[in-house]
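Colleague: Contents are PDB, C-alpha atoms; file name data-v9.pdb:
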```
ATOM      1  CA  MET L  78     -10.529 -22.810 -89.474
ATOM      2  CA  LYS L  79      -8.155 -23.357 -86.559
ATOM      3  CA  LYS L  80      -7.070 -19.711 -86.762
ATOM      4  CA  MET L  81     -10.720 -18.622 -86.638
ATOM      5  CA  ILE L  82     -11.375 -20.660 -83.462
ATOM      6  CA  VAL L  83      -8.281 -19.205 -81.803
ATOM      7  CA  LEU L  84      -9.358 -15.667 -82.756
ATOM      8  CA  SER L  85     -12.909 -16.310 -81.487
ATOM      9  CA  THR L  86     -11.524 -17.650 -78.204
ATOM     10  CA  LEU L  87      -9.208 -14.656 -77.818
ATOM     11  CA  LEU L  88     -12.079 -12.268 -78.527
ATOM     12  CA  ALA L  89     -14.280 -14.019 -75.955
ATOM     13  CA  LEU L  90     -11.485 -13.870 -73.353
ATOM     14  CA  THR L  91     -10.897 -10.188 -74.123
ATOM     15  CA  VAL L  92     -14.615  -9.400 -73.711
ATOM     16  CA  ALA L  93     -14.746 -11.406 -70.453
ATOM     17  CA  GLY L  94     -11.664  -9.579 -69.181
ATOM     18  CA  ALA L  95     -13.148  -6.208 -70.096
ATOM     19  CA  HIS L  96     -16.399  -7.216 -68.359
ATOM     20  CA  ALA L  97     -14.454  -8.209 -65.210
ATOM     21  CA  ASP L  98     -12.557  -4.899 -65.263
ATOM     22  CA  GLU L  99     -15.823  -3.005 -65.666
ATOM     23  CA  LEU L 100     -17.437  -4.958 -62.811
ATOM     24  CA  SER L 101     -14.414  -4.295 -60.589
ATOM     25  CA  GLN L 102     -14.553  -0.577 -61.389
ATOM     26  CA  TYR L 103     -18.287  -0.409 -60.615
ATOM     27  CA  LYS L 104     -17.717  -2.236 -57.309
ATOM     28  CA  ASP L 105     -14.952   0.175 -56.312
ATOM     29  CA  GLU L 106     -17.115   3.187 -57.214
ATOM     30  CA  SER L 107     -20.058   1.762 -55.249
ATOM     31  CA  ARG L 108     -17.893   1.060 -52.193
ATOM     32  CA  ALA L 109     -16.626   4.662 -52.419
ATOM     33  CA  VAL L 110     -20.246   5.809 -52.008
ATOM     34  CA  ALA L 111     -21.553   3.148 -49.577
ATOM     35  CA  MET L 112     -18.743   3.276 -47.016
ATOM     36  CA  PRO L 113     -18.892   7.040 -46.327
ATOM     37  CA  PHE L 114     -22.685   6.772 -46.136
ATOM     38  CA  LEU L 115     -22.387   4.061 -43.466
ATOM     39  CA  LYS L 116     -19.764   6.045 -41.531
ATOM     40  CA  GLN L 117     -21.859   9.231 -41.627
ATOM     41  CA  LEU L 118     -24.926   7.299 -40.509
ATOM     42  CA  ALA L 119     -23.030   5.717 -37.601
ATOM     43  CA  ALA L 120     -21.660   9.124 -36.558
ATOM     44  CA  ALA L 121     -25.131  10.690 -36.698
ATOM     45  CA  ASN L 122     -26.523   7.856 -34.567
ATOM     46  CA  GLN L 123     -23.733   8.161 -32.004
ATOM     47  CA  LYS L 124     -24.227  11.918 -31.785
ATOM     48  CA  ALA L 125     -27.990  11.546 -31.387
ATOM     49  CA  VAL L 126     -27.619   8.955 -28.625
ATOM     50  CA  SER L 127     -25.010  11.019 -26.762
ATOM     51  CA  GLU L 128     -27.198  14.151 -26.942
ATOM     52  CA  GLY L 129     -30.655  12.686 -26.407
ATOM     53  CA  GLY L 130     -30.453   8.986 -25.600
ATOM     54  CA  PRO L 131     -31.548   5.968 -27.649
ATOM     55  CA  GLU L 132     -34.903   7.512 -28.558
ATOM     56  CA  SER L 133     -33.033  10.206 -30.508
ATOM     57  CA  ALA L 134     -31.420   7.537 -32.691
ATOM     58  CA  ILE L 135     -34.867   6.638 -34.034
ATOM     59  CA  GLY L 136     -35.019  10.060 -35.685
ATOM     60  CA  VAL L 137     -31.678   9.428 -37.373
ATOM     61  CA  CYS L 138     -32.832   6.177 -38.945
ATOM     62  CA  GLN L 139     -36.318   7.537 -39.614
ATOM     63  CA  ASP L 140     -35.479  10.948 -41.094
ATOM     64  CA  ILE L 141     -31.764  11.604 -41.521
ATOM     65  CA  ALA L 142     -30.743   8.299 -43.156
ATOM     66  CA  PRO L 143     -33.418   8.474 -45.895
ATOM     67  CA  LYS L 144     -32.482  12.118 -46.553
ATOM     68  CA  MET L 145     -28.790  11.170 -46.804
ATOM     69  CA  ALA L 146     -29.638   8.289 -49.158
ATOM     70  CA  GLY L 147     -31.833  10.569 -51.261
ATOM     71  CA  ASP L 148     -29.107  13.219 -51.482
ATOM     72  CA  ILE L 149     -26.557  10.612 -52.611
ATOM     73  CA  SER L 150     -29.037   9.177 -55.125
ATOM     74  CA  ARG L 151     -29.636  12.621 -56.640
ATOM     75  CA  GLN L 152     -25.892  13.407 -56.744
ATOM     76  CA  THR L 153     -24.872  10.117 -58.385
ATOM     77  CA  GLY L 154     -27.935   9.223 -60.438
ATOM     78  CA  TRP L 155     -27.940   5.828 -58.683
ATOM     79  CA  LYS L 156     -30.550   4.502 -56.272
ATOM     80  CA  LEU L 157     -29.054   4.078 -52.788
ATOM     81  CA  THR L 158     -31.196   2.580 -50.053
ATOM     82  CA  ARG L 159     -31.058   0.408 -46.950
ATOM     83  CA  VAL L 160     -32.918  -2.911 -47.056
ATOM     84  CA  SER L 161     -33.525  -5.810 -44.692
ATOM     85  CA  LEU L 162     -35.356  -9.105 -44.522
ATOM     86  CA  LYS L 163     -36.866  -7.848 -41.244
ATOM     87  CA  VAL L 164     -38.071  -4.351 -42.088
ATOM     88  CA  ARG L 165     -38.948  -1.552 -39.746
ATOM     89  CA  ASN L 166     -40.258   0.811 -42.424
ATOM     90  CA  PRO L 167     -41.811  -1.228 -45.271
ATOM     91  CA  LEU L 168     -42.021   1.835 -47.543
ATOM     92  CA  LEU L 169     -38.249   2.365 -47.490
ATOM     93  CA  GLY L 170     -36.657  -0.917 -46.460
ATOM     94  CA  THR L 171     -38.398  -3.715 -48.330
ATOM     95  CA  PRO L 172     -35.920  -5.545 -50.582
ATOM     96  CA  ASP L 173     -36.701  -6.401 -54.190
ATOM     97  CA  ALA L 174     -36.144  -9.965 -55.444
ATOM     98  CA  TRP L 175     -32.427  -9.438 -56.196
ATOM     99  CA  GLU L 176     -31.836  -7.833 -52.795
ATOM    100  CA  GLN L 177     -33.733 -10.634 -51.008
ATOM    101  CA  LYS L 178     -31.522 -13.209 -52.703
ATOM    102  CA  GLN L 179     -28.360 -11.350 -51.660
ATOM    103  CA  LEU L 180     -29.552 -10.878 -48.064
ATOM    104  CA  GLN L 181     -30.288 -14.607 -47.848
ATOM    105  CA  SER L 182     -26.841 -15.315 -49.270
ATOM    106  CA  PHE L 183     -25.273 -12.965 -46.709
ATOM    107  CA  ALA L 184     -27.070 -14.833 -43.893
ATOM    108  CA  ALA L 185     -25.847 -18.202 -45.199
ATOM    109  CA  ARG L 186     -22.298 -16.935 -45.646
ATOM    110  CA  ALA L 187     -22.294 -15.441 -42.127
ATOM    111  CA  ALA L 188     -23.576 -18.762 -40.759
ATOM    112  CA  GLU L 189     -20.564 -20.416 -42.425
ATOM    113  CA  GLY L 190     -18.224 -18.046 -40.597
ATOM    114  CA  GLU L 191     -17.728 -15.047 -42.898
ATOM    115  CA  LYS L 192     -17.598 -11.779 -41.006
ATOM    116  CA  PRO L 193     -20.758  -9.701 -41.661
ATOM    117  CA  GLU L 194     -18.767  -6.494 -42.175
ATOM    118  CA  THR L 195     -16.938  -8.090 -45.141
ATOM    119  CA  LEU L 196     -20.016  -9.322 -46.996
ATOM    120  CA  GLU L 197     -20.720  -7.757 -50.384
ATOM    121  CA  ALA L 198     -22.472  -8.709 -53.598
ATOM    122  CA  ALA L 199     -22.119  -7.159 -57.043
ATOM    123  CA  GLU L 200     -23.574  -8.086 -60.390
ATOM    124  CA  ILE L 201     -24.649  -6.668 -63.720
ATOM    125  CA  VAL L 202     -28.266  -7.693 -64.260
ATOM    126  CA  GLN L 203     -30.781  -7.392 -67.054
ATOM    127  CA  GLU L 204     -34.115  -6.184 -65.710
ATOM    128  CA  PRO L 205     -37.354  -5.122 -67.422
ATOM    129  CA  ALA L 206     -36.271  -1.456 -67.222
ATOM    130  CA  GLY L 207     -32.853  -2.246 -68.712
ATOM    131  CA  LYS L 208     -29.373  -3.295 -67.647
ATOM    132  CA  SER L 209     -28.182  -2.251 -64.188
ATOM    133  CA  PHE L 210     -25.199  -2.732 -61.949
ATOM    134  CA  ARG L 211     -26.349  -3.944 -58.521
ATOM    135  CA  PHE L 212     -24.232  -3.709 -55.363
ATOM    136  CA  MET L 213     -24.935  -4.560 -51.742
ATOM    137  CA  LYS L 214     -22.840  -4.183 -48.597
ATOM    138  CA  ALA L 215     -24.007  -5.909 -45.416
ATOM    139  CA  ILE L 216     -24.693  -3.821 -42.322
ATOM    140  CA  ALA L 217     -23.600  -5.510 -39.106
ATOM    141  CA  LEU L 218     -25.530  -4.462 -36.003
ATOM    142  CA  GLN L 219     -23.358  -2.347 -33.731
ATOM    143  CA  PRO L 220     -23.492  -2.865 -29.924
ATOM    144  CA  GLY L 221     -25.379   0.392 -29.290
ATOM    145  CA  CYS L 222     -28.042  -0.517 -31.835
ATOM    146  CA  VAL L 223     -29.540  -3.232 -29.608
ATOM    147  CA  ALA L 224     -31.405  -0.449 -27.759
ATOM    148  CA  CYS L 225     -33.700  -0.318 -30.817
ATOM    149  CA  HIS L 226     -33.039  -3.622 -32.634
ATOM    150  CA  GLY L 227     -32.109  -6.094 -29.876
ATOM    151  CA  SER L 228     -34.109  -8.627 -27.922
ATOM    152  CA  ASN L 229     -37.291  -7.559 -26.144
ATOM    153  CA  GLU L 230     -35.296  -7.219 -22.908
ATOM    154  CA  GLN L 231     -32.631  -5.022 -24.557
ATOM    155  CA  ILE L 232     -34.936  -2.586 -26.352
ATOM    156  CA  LEU L 233     -35.099   0.674 -24.391
ATOM    157  CA  VAL L 234     -37.532   2.543 -26.649
ATOM    158  CA  LYS L 235     -40.498   0.172 -26.962
ATOM    159  CA  ALA L 236     -43.236   2.804 -26.708
ATOM    160  CA  LYS L 237     -41.665   5.059 -29.374
ATOM    161  CA  LEU L 238     -41.089   2.130 -31.731
ATOM    162  CA  ALA L 239     -44.650   0.862 -31.223
ATOM    163  CA  ALA L 240     -46.035   4.338 -31.969
ATOM    164  CA  ASP L 241     -43.850   5.005 -35.029
ATOM    165  CA  TYR L 242     -43.677   1.458 -36.423
ATOM    166  CA  PRO L 243     -46.741  -0.598 -35.443
ATOM    167  CA  HIS L 244     -45.690  -3.453 -37.797
ATOM    168  CA  ASP L 245     -42.002  -3.424 -36.842
ATOM    169  CA  GLN L 246     -40.080  -6.619 -37.611
ATOM    170  CA  ALA L 247     -36.554  -5.225 -37.091
ATOM    171  CA  THR L 248     -35.915  -6.624 -33.625
ATOM    172  CA  GLY L 249     -34.356  -9.699 -32.086
ATOM    173  CA  TYR L 250     -30.827  -8.983 -33.274
ATOM    174  CA  SER L 251     -27.619  -9.215 -31.310
ATOM    175  CA  ALA L 252     -24.495  -7.156 -31.877
ATOM    176  CA  GLY L 253     -22.520  -8.374 -34.880
ATOM    177  CA  GLN L 254     -25.454  -9.937 -36.705
ATOM    178  CA  ILE L 255     -26.472  -8.755 -40.159
ATOM    179  CA  ARG L 256     -29.181  -6.121 -39.733
ATOM    180  CA  GLY L 257     -29.582  -5.529 -43.468
ATOM    181  CA  ALA L 258     -27.569  -3.950 -46.253
ATOM    182  CA  VAL L 259     -26.871  -0.808 -48.193
ATOM    183  CA  SER L 260     -28.071  -1.379 -51.729
ATOM    184  CA  ILE L 261     -27.026   0.523 -54.828
ATOM    185  CA  LYS L 262     -28.712   0.206 -58.204
ATOM    186  CA  ARG L 263     -26.915   1.905 -61.055
ATOM    187  CA  PRO L 264     -28.511   2.055 -64.512
ATOM    188  CA  LEU L 265     -26.132   1.175 -67.335
TER
END
```
So, in terms of structure tokens, how does the structure I just supplied come out?
Modeller:
Amino acid sequence: MKKMIVLSTLLALTVAGAHADELSQYKDESRAVAMPFLKQLAAANQKAVSEGGPESAIGVCQDIAPKMAGDISRQTGWKLTRVSLKVRNPLLGTPDAWEQKQLQSFAARAAEGEKPETLEAAEIVQEPAGKSFRFMKAIALQPGCVACHGSNEQILVKAKLAADYPHDQATGYSAGQIRGAVSIKRPL
């Protein structure tokens, strides 16, 4: 009997260790997709602003970022998107329940002093459609982004935003705050 309990405990520890290794591998693979996406998006925004001013950056977030996310999703078979609690485009940026929970956790962790650029969440979840690996990486607002996402006084493109996003909620941020997150959903 004692031998059976020891074997059961060892088996449980082995399964837990394998699960942790699998989770770590999925996190690393997700980071390897999310980080280049964020860097490419930042570069595209910087280029747009330098060539055409802040109004040009709207086109990057409106058209180029969703295309980039769609391309990555098709290449990997995962769903990559950007989400926020204060959405600009409700069709593309509205978080699901798991993402809302993580964004709220990111906000609480940032309020306790964690740096927004270090915030991540990863979990294997059982959902109605099946088991998935979920990953999120916080997006900290960069100084140049206040031209579109800052306070009312900082926003330089009010007319364009009002025309393109009449129900915009994605304002009132200051540099360094969490603007949202890159979210990856990977079916298992």
Colleague: I'd like to know which of L:Val126, L:Leu115, L:Ile135, L:Leu265 is closest to Lys235 of chain L, using all atoms listed in the file.
Modeller: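 For Lys235 of chain L, the nearest of the candidates is L:Ile135.
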Colleague: With the file shown as input, list the residues that the PyMOL selection byres ((chain L and resi 221-225) around 12) selects, as a compact mmCIF listing (two decimals) with C-alpha atoms, in the frame of the given file.
Modeller:
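Generated file (expr_0.txt):
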```txt
# COMPACT_ATOMS: atom_id res chain seq x y z
CA ALA L 119 -23.03 5.72 -37.60
CA ALA L 120 -21.66 9.12 -36.56
CA ASN L 122 -26.52 7.86 -34.57
CA GLN L 123 -23.73 8.16 -32.00
CA LYS L 124 -24.23 11.92 -31.78
CA ALA L 125 -27.99 11.55 -31.39
CA VAL L 126 -27.62 8.96 -28.62
CA SER L 127 -25.01 11.02 -26.76
CA GLY L 130 -30.45 8.99 -25.60
CA PRO L 131 -31.55 5.97 -27.65
CA GLU L 132 -34.90 7.51 -28.56
CA SER L 133 -33.03 10.21 -30.51
CA ALA L 134 -31.42 7.54 -32.69
CA ILE L 135 -34.87 6.64 -34.03
CA GLY L 136 -35.02 10.06 -35.68
CA VAL L 137 -31.68 9.43 -37.37
CA CYS L 138 -32.83 6.18 -38.94
CA ARG L 165 -38.95 -1.55 -39.75
CA ILE L 216 -24.69 -3.82 -42.32
CA ALA L 217 -23.60 -5.51 -39.11
CA LEU L 218 -25.53 -4.46 -36.00
CA GLN L 219 -23.36 -2.35 -33.73
CA PRO L 220 -23.49 -2.86 -29.92
CA HIS L 226 -33.04 -3.62 -32.63
CA GLY L 227 -32.11 -6.09 -29.88
CA SER L 228 -34.11 -8.63 -27.92
CA ASN L 229 -37.29 -7.56 -26.14
CA GLU L 230 -35.30 -7.22 -22.91
CA GLN L 231 -32.63 -5.02 -24.56
CA ILE L 232 -34.94 -2.59 -26.35
CA LEU L 233 -35.10 0.67 -24.39
CA VAL L 234 -37.53 2.54 -26.65
CA LYS L 235 -40.50 0.17 -26.96
CA ALA L 236 -43.24 2.80 -26.71
CA LYS L 237 -41.66 5.06 -29.37
CA LEU L 238 -41.09 2.13 -31.73
CA ALA L 239 -44.65 0.86 -31.22
CA TYR L 242 -43.68 1.46 -36.42
CA ASP L 245 -42.00 -3.42 -36.84
CA GLN L 246 -40.08 -6.62 -37.61
CA ALA L 247 -36.55 -5.22 -37.09
CA THR L 248 -35.92 -6.62 -33.62
CA GLY L 249 -34.36 -9.70 -32.09
CA TYR L 250 -30.83 -8.98 -33.27
CA SER L 251 -27.62 -9.22 -31.31
CA ALA L 252 -24.50 -7.16 -31.88
CA GLY L 253 -22.52 -8.37 -34.88
CA GLN L 254 -25.45 -9.94 -36.70
CA ILE L 255 -26.47 -8.76 -40.16
CA ARG L 256 -29.18 -6.12 -39.73
```
Colleague: By how many Å are atom CA of Ala199 of chain L and atom CA of Arg211 of chain L apart?
Modeller: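 One can read the atom CA of Ala199 of chain L to atom CA of Arg211 of chain L distance as 5.5 Å.
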Colleague: Report the distance between atom CA of Lys178 of chain L and atom CA of Ala121 of chain L in Å, rounded to one decimal place.
Modeller: 29.5 Å
Colleague: Run the PyMOL selection byres ((chain L and resi 110) around 12) on the file and write out the hits as a PyMOL selection string.
Modeller: chain L and resi 103-109+111-117+145-146+148-150+152-158+212-214+259-263
Colleague: Please write the residues from the selection above to a file, keeping C-alpha atoms, as a compact mmCIF listing (two decimals), keeping the file's coordinate frame.
Modeller:
```txt
# COMPACT_ATOMS: atom_id res chain seq x y z
CA TYR L 103 -18.29 -0.41 -60.62
CA LYS L 104 -17.72 -2.24 -57.31
CA ASP L 105 -14.95 0.18 -56.31
CA GLU L 106 -17.11 3.19 -57.21
CA SER L 107 -20.06 1.76 -55.25
CA ARG L 108 -17.89 1.06 -52.19
CA ALA L 109 -16.63 4.66 -52.42
CA ALA L 111 -21.55 3.15 -49.58
CA MET L 112 -18.74 3.28 -47.02
CA PRO L 113 -18.89 7.04 -46.33
CA PHE L 114 -22.68 6.77 -46.14
CA LEU L 115 -22.39 4.06 -43.47
CA LYS L 116 -19.76 6.04 -41.53
CA GLN L 117 -21.86 9.23 -41.63
CA MET L 145 -28.79 11.17 -46.80
CA ALA L 146 -29.64 8.29 -49.16
CA ASP L 148 -29.11 13.22 -51.48
CA ILE L 149 -26.56 10.61 -52.61
CA SER L 150 -29.04 9.18 -55.12
CA GLN L 152 -25.89 13.41 -56.74
CA THR L 153 -24.87 10.12 -58.38
CA GLY L 154 -27.94 9.22 -60.44
CA TRP L 155 -27.94 5.83 -58.68
CA LYS L 156 -30.55 4.50 -56.27
CA LEU L 157 -29.05 4.08 -52.79
CA THR L 158 -31.20 2.58 -50.05
CA PHE L 212 -24.23 -3.71 -55.36
CA MET L 213 -24.94 -4.56 -51.74
CA LYS L 214 -22.84 -4.18 -48.60
CA VAL L 259 -26.87 -0.81 -48.19
CA SER L 260 -28.07 -1.38 -51.73
CA ILE L 261 -27.03 0.52 -54.83
CA LYS L 262 -28.71 0.21 -58.20
CA ARG L 263 -26.92 1.90 -61.06
```
Colleague: Between L:Leu100, L:Ala215, L:Arg151, L:Pro143, which has the minimum distance to Ala187 of chain L (counting only C-alpha atoms)?
Modeller: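 Using only C-alpha atoms, Ala187 of chain L sits closest to L:Ala215.
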Colleague: Go through the shown structure with the PyMOL selection byres ((chain L and resi 170) around 8) and write out the matching residues as an MDAnalysis selection string.
Modeller: chainID L and resid 158:161 164:169 171:172
Colleague: Could you save those same residues with C-alpha atoms as an mmCIF file, in the coordinates of the input?
Modeller:
```
data_model
loop_
_atom_site.group_PDB
_atom_site.id
_atom_site.type_symbol
_atom_site.label_atom_id
_atom_site.label_comp_id
_atom_site.auth_asym_id
_atom_site.auth_seq_id
_atom_site.Cartn_x
_atom_site.Cartn_y
_atom_site.Cartn_z
ATOM 1 C CA THR L 158 -31.196 2.580 -50.053
ATOM 2 C CA ARG L 159 -31.058 0.408 -46.950
ATOM 3 C CA VAL L 160 -32.918 -2.911 -47.056
ATOM 4 C CA SER L 161 -33.525 -5.810 -44.692
ATOM 5 C CA VAL L 164 -38.071 -4.351 -42.088
ATOM 6 C CA ARG L 165 -38.948 -1.552 -39.746
ATOM 7 C CA ASN L 166 -40.258 0.811 -42.424
ATOM 8 C CA PRO L 167 -41.811 -1.228 -45.271
ATOM 9 C CA LEU L 168 -42.021 1.835 -47.543
ATOM 10 C CA LEU L 169 -38.249 2.365 -47.490
ATOM 11 C CA THR L 171 -38.398 -3.715 -48.330
ATOM 12 C CA PRO L 172 -35.920 -5.545 -50.582
#
```
Colleague: In Å, how far is it from atom CA of Glu194 of chain L to atom CA of Gly257 of chain L?
Modeller: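 Here the two named atoms are 10.9 Å from each other.
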Colleague: Check the smallest atom-to-atom distance from each of L:Ser101, L:Ile201, L:Ala258, L:Phe210 to Ser182 of chain L using all atoms listed in the file, then report the winner.
Modeller: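 Nearest candidate to Ser182 of chain L out of L:Ser101, L:Ile201, L:Ala258, L:Phe210: L:Ala258.
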Colleague: With all atoms listed in the file as the basis for distance, which of L:Ser209, L:Lys163, L:Lys144, L:Glu189 is at the shortest distance from Trp175 of chain L?
Modeller: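 For Trp175 of chain L, the nearest of the given residues is L:Ser209.
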